[in-house]
Amino acid sequence: DRHQSDRDRDRDRDRRHDSRGRYERDRDRDRREGDRNHDRDREDRARSKESKKRSPSPSAQDPNSKKPRTEGASDRNSSPAPPAAVAESLVAGVQIPAPEKKQVDAKALVQQIPTDKSQLFEYSIQWDMVDETLIARLKTWVTKKIAELLGEEEATFIDFILEKINNHVAAPDVLKELEPVLDSEAEVFMIKLWRMLIFEILRKQAMQS
């Protein structure tokens, strides 16, 4: 048994020795390979650098290459190209005017609107000026006011009010329809609504004139 154990130890020692030898040989081979790669990279960089020194510059190769811009009369005479629309107008000999937005004097319009309830409700409304755009502008104001009075946006009630205006219902009749819902607030709301309606009509007329 002792001799068998000694032989086993000898075999283990030999295997470790062989493994260590293979490891060292592989390590040495990798080092030599790395050194060769490093040398090749260094030679490639040197050749590339030498090639750049020998090759002429792009400006020397191309005699028609663009020369550096110098400041002078050319700079003073040069100007950026005009926009396409302006250029086209110059060619055609027609000057395109700049777009102008119609300015409306809101204070002057407000002064034309009656403040007295009876005069306000008797005001002659130009119903032909009432269209979807005008109703949409009124809806923004009506929605805000109804939310303030009722605590929430009552969509059905808002549509009901705008429908009356769209159907050209007279102010006193609209007021009667609103009183059951708005109570004492109905008259104040109706006066403001009718003044807003007249203002939007006057504003539209001013924009179109």
# chains A, B, ... in the order shown; residues from 1 in each chain; ligands from 1
$ residues_around --residues "Lys117 in chain A" --least-positions-apart "5" --cutoff "12 Å" --atoms "only C-alpha atoms" --output "CSV table (one decimal) with N, CA and C atoms, in the first residue's frame"
chain,number,residue,atom,x,y,z
A,122,GLU,N,-83.5,95.9,-27.2
A,122,GLU,CA,-84.2,96.4,-28.4
A,122,GLU,C,-83.2,96.7,-29.6
A,123,TYR,N,-81.9,96.5,-29.3
A,123,TYR,CA,-80.9,96.7,-30.3
A,123,TYR,C,-81.1,95.8,-31.5
A,171,ALA,N,-83.9,88.6,-27.2
A,171,ALA,CA,-83.3,88.6,-25.8
A,171,ALA,C,-84.4,88.4,-24.7
A,172,PRO,N,-85.5,89.1,-24.7
A,172,PRO,CA,-86.5,88.9,-23.6
A,172,PRO,C,-87.0,87.4,-23.5
A,175,LEU,N,-84.2,85.3,-22.0
A,175,LEU,CA,-84.2,85.6,-20.5
A,175,LEU,C,-85.2,84.7,-19.8
A,187,GLU,N,-80.9,87.7,-15.2
A,187,GLU,CA,-80.9,89.0,-15.9
A,187,GLU,C,-79.5,89.5,-16.1
A,188,VAL,N,-78.6,89.5,-15.1
A,188,VAL,CA,-77.3,90.0,-15.2
A,188,VAL,C,-76.5,89.1,-16.3
A,189,PHE,N,-76.7,87.8,-16.2
A,189,PHE,CA,-76.0,87.0,-17.2
A,189,PHE,C,-76.5,87.3,-18.6
A,190,MET,N,-77.8,87.5,-18.8
A,190,MET,CA,-78.4,87.8,-20.1
A,190,MET,C,-77.9,89.1,-20.6
A,191,ILE,N,-77.8,90.1,-19.8
A,191,ILE,CA,-77.2,91.5,-20.2
A,191,ILE,C,-75.8,91.3,-20.7
A,192,LYS,N,-75.0,90.6,-20.0
A,192,LYS,CA,-73.6,90.4,-20.4
A,192,LYS,C,-73.5,89.6,-21.7
A,193,LEU,N,-74.4,88.6,-21.8
A,193,LEU,CA,-74.4,87.7,-23.0
A,193,LEU,C,-74.7,88.5,-24.2
A,194,TRP,N,-75.8,89.4,-24.1
A,194,TRP,CA,-76.2,90.1,-25.2
A,194,TRP,C,-75.2,91.2,-25.6
A,195,ARG,N,-74.6,91.8,-24.7
A,195,ARG,CA,-73.5,92.7,-25.0
A,195,ARG,C,-72.3,92.0,-25.7
$ residues_around --residues "Thr140 in chain A" --least-positions-apart "3" --cutoff "12 Å" --atoms "only C-alpha atoms" --output "list in words"
Thr133, Leu134, Ile135, Ala136, Arg137, Thr143, Lys144, Lys145, Ile146, Ala147, Glu153, Ala155, Ile158, Asp159, Leu162, Leu193 and Met196 of chain A
$ write_last_selection --atoms "N, CA and C atoms" --output "PDB file, in the first residue's frame"
ATOM      1  N   THR A 133     -68.355  80.375 -36.477  1.00  0.00           N
ATOM      2  CA  THR A 133     -67.180  80.959 -35.836  1.00  0.00           C
ATOM      3  C   THR A 133     -67.574  81.887 -34.703  1.00  0.00           C
ATOM      4  N   LEU A 134     -68.570  82.708 -34.926  1.00  0.00           N
ATOM      5  CA  LEU A 134     -69.021  83.622 -33.882  1.00  0.00           C
ATOM      6  C   LEU A 134     -69.630  82.854 -32.712  1.00  0.00           C
ATOM      7  N   ILE A 135     -70.419  81.826 -33.020  1.00  0.00           N
ATOM      8  CA  ILE A 135     -71.014  81.003 -31.960  1.00  0.00           C
ATOM      9  C   ILE A 135     -69.914  80.327 -31.135  1.00  0.00           C
ATOM     10  N   ALA A 136     -68.843  79.885 -31.796  1.00  0.00           N
ATOM     11  CA  ALA A 136     -67.734  79.246 -31.088  1.00  0.00           C
ATOM     12  C   ALA A 136     -67.054  80.226 -30.134  1.00  0.00           C
ATOM     13  N   ARG A 137     -66.915  81.480 -30.556  1.00  0.00           N
ATOM     14  CA  ARG A 137     -66.315  82.495 -29.683  1.00  0.00           C
ATOM     15  C   ARG A 137     -67.224  82.763 -28.485  1.00  0.00           C
ATOM     16  N   THR A 143     -69.447  79.149 -21.507  1.00  0.00           N
ATOM     17  CA  THR A 143     -68.984  78.001 -20.712  1.00  0.00           C
ATOM     18  C   THR A 143     -68.351  78.470 -19.412  1.00  0.00           C
ATOM     19  N   LYS A 144     -67.524  79.498 -19.493  1.00  0.00           N
ATOM     20  CA  LYS A 144     -66.850  80.023 -18.295  1.00  0.00           C
ATOM     21  C   LYS A 144     -67.862  80.586 -17.306  1.00  0.00           C
ATOM     22  N   LYS A 145     -68.823  81.369 -17.786  1.00  0.00           N
ATOM     23  CA  LYS A 145     -69.794  82.004 -16.900  1.00  0.00           C
ATOM     24  C   LYS A 145     -70.741  81.000 -16.260  1.00  0.00           C
ATOM     25  N   ILE A 146     -71.180  80.017 -17.024  1.00  0.00           N
ATOM     26  CA  ILE A 146     -72.082  78.999 -16.477  1.00  0.00           C
ATOM     27  C   ILE A 146     -71.372  78.182 -15.410  1.00  0.00           C
ATOM     28  N   ALA A 147     -70.081  77.888 -15.625  1.00  0.00           N
ATOM     29  CA  ALA A 147     -69.312  77.155 -14.618  1.00  0.00           C
ATOM     30  C   ALA A 147     -69.193  77.977 -13.338  1.00  0.00           C
ATOM     31  N   GLU A 153     -69.523  72.866 -15.503  1.00  0.00           N
ATOM     32  CA  GLU A 153     -69.886  73.131 -16.891  1.00  0.00           C
ATOM     33  C   GLU A 153     -71.070  72.237 -17.288  1.00  0.00           C
ATOM     34  N   ALA A 155     -72.971  71.110 -19.924  1.00  0.00           N
ATOM     35  CA  ALA A 155     -72.873  71.111 -21.382  1.00  0.00           C
ATOM     36  C   ALA A 155     -74.242  71.232 -22.051  1.00  0.00           C
ATOM     37  N   ILE A 158     -75.471  74.806 -21.694  1.00  0.00           N
ATOM     38  CA  ILE A 158     -74.673  75.694 -22.549  1.00  0.00           C
ATOM     39  C   ILE A 158     -75.126  75.575 -24.002  1.00  0.00           C
ATOM     40  N   ASP A 159     -75.327  74.347 -24.464  1.00  0.00           N
ATOM     41  CA  ASP A 159     -75.788  74.136 -25.843  1.00  0.00           C
ATOM     42  C   ASP A 159     -77.191  74.723 -26.032  1.00  0.00           C
ATOM     43  N   LEU A 162     -76.801  78.550 -26.542  1.00  0.00           N
ATOM     44  CA  LEU A 162     -76.238  78.860 -27.857  1.00  0.00           C
ATOM     45  C   LEU A 162     -77.221  78.530 -28.982  1.00  0.00           C
ATOM     46  N   LEU A 193     -74.362  88.560 -21.780  1.00  0.00           N
ATOM     47  CA  LEU A 193     -74.358  87.726 -22.967  1.00  0.00           C
ATOM     48  C   LEU A 193     -74.742  88.531 -24.207  1.00  0.00           C
ATOM     49  N   MET A 196     -72.018  90.832 -25.227  1.00  0.00           N
ATOM     50  CA  MET A 196     -70.958  90.064 -25.871  1.00  0.00           C
ATOM     51  C   MET A 196     -71.342  89.710 -27.303  1.00  0.00           C
TER      52      MET A 196
END
$ atom_distance --atom1 "CA of Glu177 in chain A" --atom2 "CA of Trp141 in chain A"
18.8 Å
$ closest_residue --among "A:Ile113, A:Met129, A:Ala106, A:Ala186" --to "Val174 in chain A" --atoms "only C-alpha atoms"
A:Ala186
$ closest_residue --among "A:Ile161, A:Leu150, A:Met207, A:Val104" --to "Asp173 in chain A" --atoms "only C-alpha atoms"
A:Ile161
